[in-house]
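Next comes protein-v4.pdb, with PDB, C-alpha atoms.
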```
MODEL        1
ATOM      1  CA  MET A 755       5.294 -15.029  56.802  1.00  0.00           C
ATOM      2  CA  ASN A 756       6.656 -12.055  58.756  1.00  0.00           C
ATOM      3  CA  ILE A 757      10.422 -12.431  58.576  1.00  0.00           C
ATOM      4  CA  THR A 758      12.088 -10.506  61.407  1.00  0.00           C
ATOM      5  CA  LEU A 759      15.491  -8.916  61.850  1.00  0.00           C
ATOM      6  CA  GLU A 760      16.434 -11.771  64.176  1.00  0.00           C
ATOM      7  CA  ASP A 761      15.565 -14.295  61.475  1.00  0.00           C
ATOM      8  CA  VAL A 762      17.883 -12.464  59.076  1.00  0.00           C
ATOM      9  CA  LYS A 763      20.693 -12.334  61.633  1.00  0.00           C
ATOM     10  CA  GLU A 764      20.465 -16.094  62.091  1.00  0.00           C
ATOM     11  CA  ASN A 765      20.734 -16.824  58.361  1.00  0.00           C
ATOM     12  CA  PRO A 766      24.221 -18.307  57.753  1.00  0.00           C
ATOM     13  CA  MET A 767      24.434 -16.995  54.174  1.00  0.00           C
ATOM     14  CA  VAL A 768      23.680 -13.439  55.286  1.00  0.00           C
ATOM     15  CA  ASP A 769      26.326 -13.752  57.971  1.00  0.00           C
ATOM     16  CA  ALA A 770      28.918 -15.137  55.554  1.00  0.00           C
ATOM     17  CA  CYS A 771      28.331 -12.277  53.099  1.00  0.00           C
ATOM     18  CA  ILE A 772      28.733  -9.707  55.869  1.00  0.00           C
ATOM     19  CA  ARG A 773      31.923 -11.228  57.256  1.00  0.00           C
ATOM     20  CA  LYS A 774      33.622 -11.886  53.926  1.00  0.00           C
ATOM     21  CA  GLY A 775      32.545  -8.593  52.393  1.00  0.00           C
ATOM     22  CA  ASN A 776      34.038  -6.666  55.306  1.00  0.00           C
ATOM     23  CA  GLU A 777      37.200  -8.764  55.042  1.00  0.00           C
ATOM     24  CA  TYR A 778      37.573  -7.982  51.335  1.00  0.00           C
ATOM     25  CA  LEU A 779      37.055  -4.265  51.923  1.00  0.00           C
ATOM     26  CA  GLY A 780      39.780  -4.383  54.557  1.00  0.00           C
ATOM     27  CA  VAL A 781      42.184  -5.810  51.986  1.00  0.00           C
ATOM     28  CA  MET A 782      41.357  -2.864  49.714  1.00  0.00           C
ATOM     29  CA  GLY A 783      41.839  -0.323  52.509  1.00  0.00           C
ATOM     30  CA  PHE A 784      38.211   0.661  53.100  1.00  0.00           C
ATOM     31  CA  THR A 785      36.727   1.562  56.475  1.00  0.00           C
ATOM     32  CA  GLU A 786      34.859  -0.943  58.668  1.00  0.00           C
ATOM     33  CA  HIS A 787      31.635  -2.349  57.204  1.00  0.00           C
ATOM     34  CA  SER A 788      30.983  -5.192  59.651  1.00  0.00           C
ATOM     35  CA  TYR A 789      28.611  -5.815  62.572  1.00  0.00           C
ATOM     36  CA  ARG A 790      29.172  -2.473  64.277  1.00  0.00           C
ATOM     37  CA  HIS A 791      28.204  -0.542  61.164  1.00  0.00           C
ATOM     38  CA  ILE A 792      25.276  -2.645  60.013  1.00  0.00           C
ATOM     39  CA  ASN A 793      23.722  -2.965  63.480  1.00  0.00           C
ATOM     40  CA  LEU A 794      23.958   0.796  63.951  1.00  0.00           C
ATOM     41  CA  VAL A 795      22.460   1.532  60.529  1.00  0.00           C
ATOM     42  CA  SER A 796      19.706  -1.012  61.198  1.00  0.00           C
ATOM     43  CA  SER A 797      18.849   0.645  64.516  1.00  0.00           C
ATOM     44  CA  ILE A 798      18.880   4.194  63.131  1.00  0.00           C
ATOM     45  CA  ALA A 799      16.751   3.281  60.110  1.00  0.00           C
ATOM     46  CA  ARG A 800      14.151   1.680  62.400  1.00  0.00           C
ATOM     47  CA  ASN A 801      14.244   4.631  64.797  1.00  0.00           C
ATOM     48  CA  ILE A 802      13.701   7.200  62.032  1.00  0.00           C
ATOM     49  CA  LEU A 803      10.481   5.553  60.891  1.00  0.00           C
ATOM     50  CA  GLU A 804       9.304   4.895  64.458  1.00  0.00           C
ATOM     51  CA  LYS A 805       9.800   8.555  65.363  1.00  0.00           C
ATOM     52  CA  LEU A 806       7.745   9.528  62.313  1.00  0.00           C
ATOM     53  CA  GLY A 807       4.902   7.240  63.375  1.00  0.00           C
ATOM     54  CA  ARG A 808       5.201   4.714  60.552  1.00  0.00           C
ATOM     55  CA  PRO A 809       3.677   1.208  60.968  1.00  0.00           C
ATOM     56  CA  GLN A 810       5.757  -1.232  63.006  1.00  0.00           C
ATOM     57  CA  ARG A 811       6.116  -3.693  60.142  1.00  0.00           C
ATOM     58  CA  GLU A 812       7.547  -0.939  57.968  1.00  0.00           C
ATOM     59  CA  CYS A 813       9.997  -0.102  60.751  1.00  0.00           C
ATOM     60  CA  GLU A 814      11.029  -3.766  60.909  1.00  0.00           C
ATOM     61  CA  LEU A 815      11.655  -3.805  57.155  1.00  0.00           C
ATOM     62  CA  ALA A 816      13.856  -0.721  57.526  1.00  0.00           C
ATOM     63  CA  ALA A 817      15.843  -2.528  60.216  1.00  0.00           C
ATOM     64  CA  ILE A 818      16.252  -5.551  57.929  1.00  0.00           C
ATOM     65  CA  ALA A 819      17.350  -3.368  55.007  1.00  0.00           C
ATOM     66  CA  GLY A 820      19.831  -1.614  57.285  1.00  0.00           C
ATOM     67  CA  TYR A 821      21.319  -4.892  58.413  1.00  0.00           C
ATOM     68  CA  MET A 822      21.623  -6.275  54.874  1.00  0.00           C
ATOM     69  CA  HIS A 823      22.487  -3.113  52.946  1.00  0.00           C
ATOM     70  CA  ASP A 824      26.211  -3.846  52.515  1.00  0.00           C
ATOM     71  CA  ILE A 825      26.158  -7.574  51.693  1.00  0.00           C
ATOM     72  CA  GLY A 826      26.987  -6.749  48.065  1.00  0.00           C
ATOM     73  CA  ASN A 827      30.537  -5.946  49.145  1.00  0.00           C
ATOM     74  CA  VAL A 828      31.157  -9.687  48.989  1.00  0.00           C
ATOM     75  CA  ILE A 829      30.910  -9.341  45.191  1.00  0.00           C
ATOM     76  CA  ASN A 830      32.643  -5.998  44.656  1.00  0.00           C
ATOM     77  CA  ARG A 831      32.674  -2.536  46.171  1.00  0.00           C
ATOM     78  CA  ASN A 832      31.559  -1.024  42.880  1.00  0.00           C
ATOM     79  CA  ASP A 833      27.756  -1.056  42.570  1.00  0.00           C
ATOM     80  CA  HIS A 834      27.543  -3.018  45.811  1.00  0.00           C
ATOM     81  CA  GLY A 835      24.043  -1.717  46.436  1.00  0.00           C
ATOM     82  CA  ILE A 836      22.758  -3.336  43.256  1.00  0.00           C
ATOM     83  CA  SER A 837      24.630  -6.623  43.721  1.00  0.00           C
ATOM     84  CA  GLY A 838      23.528  -6.674  47.367  1.00  0.00           C
ATOM     85  CA  ALA A 839      19.901  -6.224  46.330  1.00  0.00           C
ATOM     86  CA  ASN A 840      20.182  -9.205  44.002  1.00  0.00           C
ATOM     87  CA  ILE A 841      21.635 -11.348  46.791  1.00  0.00           C
ATOM     88  CA  ALA A 842      18.980 -10.183  49.271  1.00  0.00           C
ATOM     89  CA  PHE A 843      16.155 -10.789  46.797  1.00  0.00           C
ATOM     90  CA  ASN A 844      16.745 -14.546  46.630  1.00  0.00           C
ATOM     91  CA  LEU A 845      17.677 -14.898  50.292  1.00  0.00           C
ATOM     92  CA  LEU A 846      14.536 -13.185  51.560  1.00  0.00           C
ATOM     93  CA  LEU A 847      12.235 -15.011  49.148  1.00  0.00           C
ATOM     94  CA  ASN A 848      13.722 -18.344  50.216  1.00  0.00           C
ATOM     95  CA  MET A 849      13.221 -17.384  53.854  1.00  0.00           C
ATOM     96  CA  GLY A 850       9.509 -16.896  53.177  1.00  0.00           C
ATOM     97  CA  MET A 851       9.167 -13.101  53.081  1.00  0.00           C
ATOM     98  CA  SER A 852       6.240 -11.897  50.981  1.00  0.00           C
ATOM     99  CA  PRO A 853       7.094 -10.703  47.458  1.00  0.00           C
ATOM    100  CA  GLU A 854       5.874  -7.164  48.169  1.00  0.00           C
ATOM    101  CA  GLU A 855       8.083  -6.847  51.247  1.00  0.00           C
ATOM    102  CA  VAL A 856      11.039  -8.350  49.381  1.00  0.00           C
ATOM    103  CA  CYS A 857      10.596  -5.636  46.760  1.00  0.00           C
ATOM    104  CA  MET A 858      10.600  -2.897  49.417  1.00  0.00           C
ATOM    105  CA  VAL A 859      13.745  -4.151  51.120  1.00  0.00           C
ATOM    106  CA  THR A 860      15.725  -4.900  47.973  1.00  0.00           C
ATOM    107  CA  SER A 861      14.862  -1.571  46.336  1.00  0.00           C
ATOM    108  CA  ALA A 862      16.076   0.167  49.489  1.00  0.00           C
ATOM    109  CA  ILE A 863      19.371  -1.757  49.397  1.00  0.00           C
ATOM    110  CA  ALA A 864      19.802  -1.000  45.690  1.00  0.00           C
ATOM    111  CA  ASN A 865      19.262   2.728  46.247  1.00  0.00           C
ATOM    112  CA  HIS A 866      21.385   3.510  49.307  1.00  0.00           C
ATOM    113  CA  GLU A 867      24.491   4.742  47.436  1.00  0.00           C
ATOM    114  CA  GLU A 868      24.827   8.367  46.345  1.00  0.00           C
ATOM    115  CA  GLN A 869      26.172   7.498  42.880  1.00  0.00           C
ATOM    116  CA  TYR A 870      22.814   6.147  41.717  1.00  0.00           C
ATOM    117  CA  GLY A 871      20.493   5.959  44.703  1.00  0.00           C
ATOM    118  CA  TYR A 872      17.070   7.516  45.200  1.00  0.00           C
ATOM    119  CA  PRO A 873      14.536   7.329  48.052  1.00  0.00           C
ATOM    120  CA  VAL A 874      12.015   5.242  46.156  1.00  0.00           C
ATOM    121  CA  ASN A 875      10.085   4.282  49.297  1.00  0.00           C
ATOM    122  CA  THR A 876      10.079   5.002  53.032  1.00  0.00           C
ATOM    123  CA  VAL A 877      12.415   2.102  53.813  1.00  0.00           C
ATOM    124  CA  ALA A 878      14.938   3.379  51.262  1.00  0.00           C
ATOM    125  CA  ALA A 879      14.703   6.924  52.626  1.00  0.00           C
ATOM    126  CA  ALA A 880      15.335   5.814  56.203  1.00  0.00           C
ATOM    127  CA  LEU A 881      18.233   3.582  55.106  1.00  0.00           C
ATOM    128  CA  ILE A 882      19.905   6.407  53.184  1.00  0.00           C
ATOM    129  CA  VAL A 883      19.953   8.759  56.172  1.00  0.00           C
ATOM    130  CA  ALA A 884      20.989   6.000  58.566  1.00  0.00           C
ATOM    131  CA  ASP A 885      23.885   4.807  56.423  1.00  0.00           C
ATOM    132  CA  LYS A 886      25.280   8.257  55.644  1.00  0.00           C
ATOM    133  CA  SER A 887      25.166   9.286  59.300  1.00  0.00           C
ATOM    134  CA  ASP A 888      27.737   6.690  60.385  1.00  0.00           C
ATOM    135  CA  VAL A 889      30.891   8.790  60.339  1.00  0.00           C
ATOM    136  CA  HIS A 890      33.156   7.879  63.255  1.00  0.00           C
ATOM    137  CA  ARG A 891      36.793   7.238  64.098  1.00  0.00           C
ATOM    138  CA  SER A 892      36.049   3.667  65.173  1.00  0.00           C
ATOM    139  CA  ARG A 893      35.504   2.790  61.505  1.00  0.00           C
ATOM    140  CA  VAL A 894      39.111   3.585  60.515  1.00  0.00           C
ATOM    141  CA  ARG A 895      41.198   0.420  60.159  1.00  0.00           C
ATOM    142  CA  ASN A 896      44.435   2.072  59.063  1.00  0.00           C
ATOM    143  CA  GLN A 897      46.655   2.469  62.141  1.00  0.00           C
ATOM    144  CA  ASP A 898      49.254   4.684  60.426  1.00  0.00           C
ATOM    145  CA  PHE A 899      48.051   8.282  60.644  1.00  0.00           C
ATOM    146  CA  ALA A 900      50.772   9.395  58.231  1.00  0.00           C
ATOM    147  CA  THR A 901      49.203   7.330  55.455  1.00  0.00           C
ATOM    148  CA  PHE A 902      45.569   8.375  56.045  1.00  0.00           C
ATOM    149  CA  ASP A 903      43.640   9.277  52.912  1.00  0.00           C
ATOM    150  CA  ILE A 904      40.809  11.813  53.014  1.00  0.00           C
ATOM    151  CA  HIS A 905      38.227   9.169  53.983  1.00  0.00           C
ATOM    152  CA  ASP A 906      40.386   8.027  56.899  1.00  0.00           C
ATOM    153  CA  ARG A 907      40.883  11.614  58.061  1.00  0.00           C
ATOM    154  CA  VAL A 908      37.210  12.538  57.887  1.00  0.00           C
ATOM    155  CA  ASN A 909      36.100   9.425  59.774  1.00  0.00           C
ATOM    156  CA  TYR A 910      38.920   9.634  62.334  1.00  0.00           C
ATOM    157  CA  ALA A 911      38.125  13.287  63.020  1.00  0.00           C
ATOM    158  CA  ALA A 912      34.493  12.474  63.865  1.00  0.00           C
ATOM    159  CA  SER A 913      34.089  11.762  67.569  1.00  0.00           C
ATOM    160  CA  HIS A 914      30.289  12.007  67.671  1.00  0.00           C
ATOM    161  CA  ALA A 915      27.491  11.411  65.171  1.00  0.00           C
ATOM    162  CA  PHE A 916      23.783  11.306  65.908  1.00  0.00           C
ATOM    163  CA  VAL A 917      20.486  11.562  64.043  1.00  0.00           C
ATOM    164  CA  TYR A 918      17.606  13.445  65.638  1.00  0.00           C
ATOM    165  CA  VAL A 919      14.036  13.196  64.360  1.00  0.00           C
ATOM    166  CA  ASN A 920      11.476  15.815  65.363  1.00  0.00           C
ATOM    167  CA  ASP A 921       8.056  14.744  64.179  1.00  0.00           C
ATOM    168  CA  ASP A 922       6.404  17.942  65.476  1.00  0.00           C
ATOM    169  CA  ILE A 923       8.329  20.275  63.175  1.00  0.00           C
ATOM    170  CA  ARG A 924       9.180  17.508  60.653  1.00  0.00           C
ATOM    171  CA  THR A 925      12.948  17.740  60.711  1.00  0.00           C
ATOM    172  CA  ILE A 926      15.683  15.123  60.493  1.00  0.00           C
ATOM    173  CA  THR A 927      18.952  16.472  61.887  1.00  0.00           C
ATOM    174  CA  MET A 928      22.380  14.920  61.521  1.00  0.00           C
ATOM    175  CA  GLU A 929      24.691  16.172  64.264  1.00  0.00           C
ATOM    176  CA  LEU A 930      28.471  15.694  64.051  1.00  0.00           C
ATOM    177  CA  ASN A 931      31.454  16.667  66.153  1.00  0.00           C
ATOM    178  CA  ILE A 932      34.623  16.934  64.050  1.00  0.00           C
ATOM    179  CA  ASP A 933      38.139  17.631  65.314  1.00  0.00           C
ATOM    180  CA  ILE A 934      39.248  20.338  62.893  1.00  0.00           C
ATOM    181  CA  GLU A 935      42.868  19.762  63.930  1.00  0.00           C
ATOM    182  CA  ILE A 936      42.612  16.402  62.168  1.00  0.00           C
ATOM    183  CA  CYS A 937      40.279  17.320  59.333  1.00  0.00           C
ATOM    184  CA  PRO A 938      38.903  20.737  58.325  1.00  0.00           C
ATOM    185  CA  VAL A 939      35.145  20.837  57.802  1.00  0.00           C
ATOM    186  CA  MET A 940      35.752  21.573  54.113  1.00  0.00           C
ATOM    187  CA  GLU A 941      37.252  18.094  53.673  1.00  0.00           C
ATOM    188  CA  TYR A 942      34.042  16.603  55.064  1.00  0.00           C
ATOM    189  CA  PHE A 943      32.066  18.385  52.348  1.00  0.00           C
ATOM    190  CA  GLU A 944      34.603  17.424  49.707  1.00  0.00           C
ATOM    191  CA  ILE A 945      33.623  13.763  49.986  1.00  0.00           C
ATOM    192  CA  PHE A 946      30.201  13.971  51.645  1.00  0.00           C
ATOM    193  CA  LEU A 947      28.373  16.725  49.763  1.00  0.00           C
ATOM    194  CA  SER A 948      26.729  14.278  47.354  1.00  0.00           C
ATOM    195  CA  ARG A 949      25.754  12.111  50.326  1.00  0.00           C
ATOM    196  CA  MET A 950      24.178  15.071  52.118  1.00  0.00           C
ATOM    197  CA  THR A 951      22.258  15.950  48.947  1.00  0.00           C
ATOM    198  CA  LEU A 952      20.866  12.417  48.898  1.00  0.00           C
ATOM    199  CA  CYS A 953      20.008  12.682  52.617  1.00  0.00           C
ATOM    200  CA  ARG A 954      18.083  15.889  51.945  1.00  0.00           C
ATOM    201  CA  ARG A 955      16.161  14.138  49.186  1.00  0.00           C
ATOM    202  CA  ALA A 956      15.443  11.211  51.522  1.00  0.00           C
ATOM    203  CA  ALA A 957      14.224  13.479  54.317  1.00  0.00           C
ATOM    204  CA  ASN A 958      11.984  15.321  51.868  1.00  0.00           C
ATOM    205  CA  TYR A 959      10.495  12.003  50.746  1.00  0.00           C
ATOM    206  CA  LEU A 960       9.579  11.383  54.384  1.00  0.00           C
ATOM    207  CA  GLY A 961       7.935  14.804  54.563  1.00  0.00           C
ATOM    208  CA  CYS A 962      10.781  16.355  56.552  1.00  0.00           C
ATOM    209  CA  ASN A 963      13.467  18.983  56.167  1.00  0.00           C
ATOM    210  CA  PHE A 964      17.077  17.815  56.470  1.00  0.00           C
ATOM    211  CA  GLN A 965      19.520  19.645  58.722  1.00  0.00           C
ATOM    212  CA  LEU A 966      23.269  19.177  59.180  1.00  0.00           C
ATOM    213  CA  VAL A 967      24.916  20.470  62.354  1.00  0.00           C
ATOM    214  CA  ILE A 968      28.704  20.256  62.692  1.00  0.00           C
ATOM    215  CA  ASN A 969      30.398  21.363  65.918  1.00  0.00           C
ATOM    216  CA  GLY A 970      27.211  23.133  66.967  1.00  0.00           C
ATOM    217  CA  ALA A 971      26.862  25.159  63.770  1.00  0.00           C
ATOM    218  CA  LYS A 972      23.935  24.556  61.423  1.00  0.00           C
ATOM    219  CA  LEU A 973      25.398  24.175  57.914  1.00  0.00           C
ATOM    220  CA  LEU A 974      22.383  22.821  56.014  1.00  0.00           C
TER     221      LEU A 974
ENDMDL
END
```
Take the structure from the file and write it as structure tokens.
Amino acid sequence: MNITLEDVKENPMVDACIRKGNEYLGVMGFTEHSYRHINLVSSIARNILEKLGRPQRECELAAIAGYMHDIGNVINRNDHGISGANIAFNLLLNMGMSPEEVCMVTSAIANHEEQYGYPVNTVAAALIVADKSDVHRSRVRNQDFATFDIHDRVNYAASHAFVYVNDDIRTITMELNIDIEICPVMEYFEIFLSRMTLCRRAANYLGCNFQLVINGAKLL
């Protein structure tokens, strides 16, 4: 049975995990991880594989992985990729997804974090790039600028983020605009260097070179 992204969105358990996980992260002071983030990641992950000419079913699985990738936050922020994969495994099997597709999606979810992640398949590679590209001021929940930590500053400074895929020259480019009056570019690298390293690895898995452009300057 071909489970679709819409089927996943309509699953009440998936929805509960997303809502409550985002709520718990808010209590701990983390940035937004709700519908805005997961829908964007889902769309970007699908688009990356579509632009690279991958099969449509594979693109759909990337969209599903993108939508479900943060459900583990309902358990704990630590190792949320692994706990999320365990939750998704049973949910997707019970929904009727084939075992092979369940394995692709759950391995992608389990490998999207830079602390332990690796692009083990195309779905995982697309999810990694999609997730790490979502840096934007709309994700900051803290309304007191004076108490911003480095993560708040980096996200609040980002007014534009976009991922470009060029299949002709096999490049995946992450483009950011950062207000250096709010956050110097060095602070971005202070917390995102390991994420960019993982993005490079993911792009390479997809047969592409990874590029990072900040304020019009190519940095990677």
* **Using only C-alpha atoms: which of A:Val889, A:Ala770, A:Val877, A:Ile836 has the shortest distance to A:Pro809** =>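 The shortest atom-to-atom distance to A:Pro809 comes from A:Val877.
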* Asked: Of the candidates A:Ile798, A:Met822, A:Ala912, A:Cys937, which shows the shortest atom-to-atom distance to A:Val883, using only C-alpha atoms?
  -> A:Ile798
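The point (8.4, 6.5, 46.4) has these residues within 12 Å of it, counting only C-alpha atoms: Met858, Ser861, Ala862, Asn865, Tyr872, Pro873, Val874, Asn875, Thr876, Val877, Ala878, Ala879, Arg955, Ala956, Asn958, Tyr959, Leu960 and Gly961 of chain A.
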* Do you know which residues the PyMOL selection byres ((chain A and resi 795) around 7) returns on this file, as a list in words? -> His791, Ile792, Asn793, Leu794, Ser796, Ser797, Ile798, Ala799, Gly820, Tyr821, Ala884 and Asp885 of chain A
* Within 10 Å of stretch 917-933 of chain A using all atoms listed in the file, minus same-chain residues under 3 positions, as a ChimeraX atom specification -> /A:798-799,801-807,883-884,886-891,907-914,936-939,942,950,953-954,956-958,960-972,974
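Residues in contact range of A:Asp761, defined as at most 10 Å between all atoms listed in the file, with sequence neighbours fewer than 5 positions away removed, read Asn756, Ile818 and Met849 of chain A.
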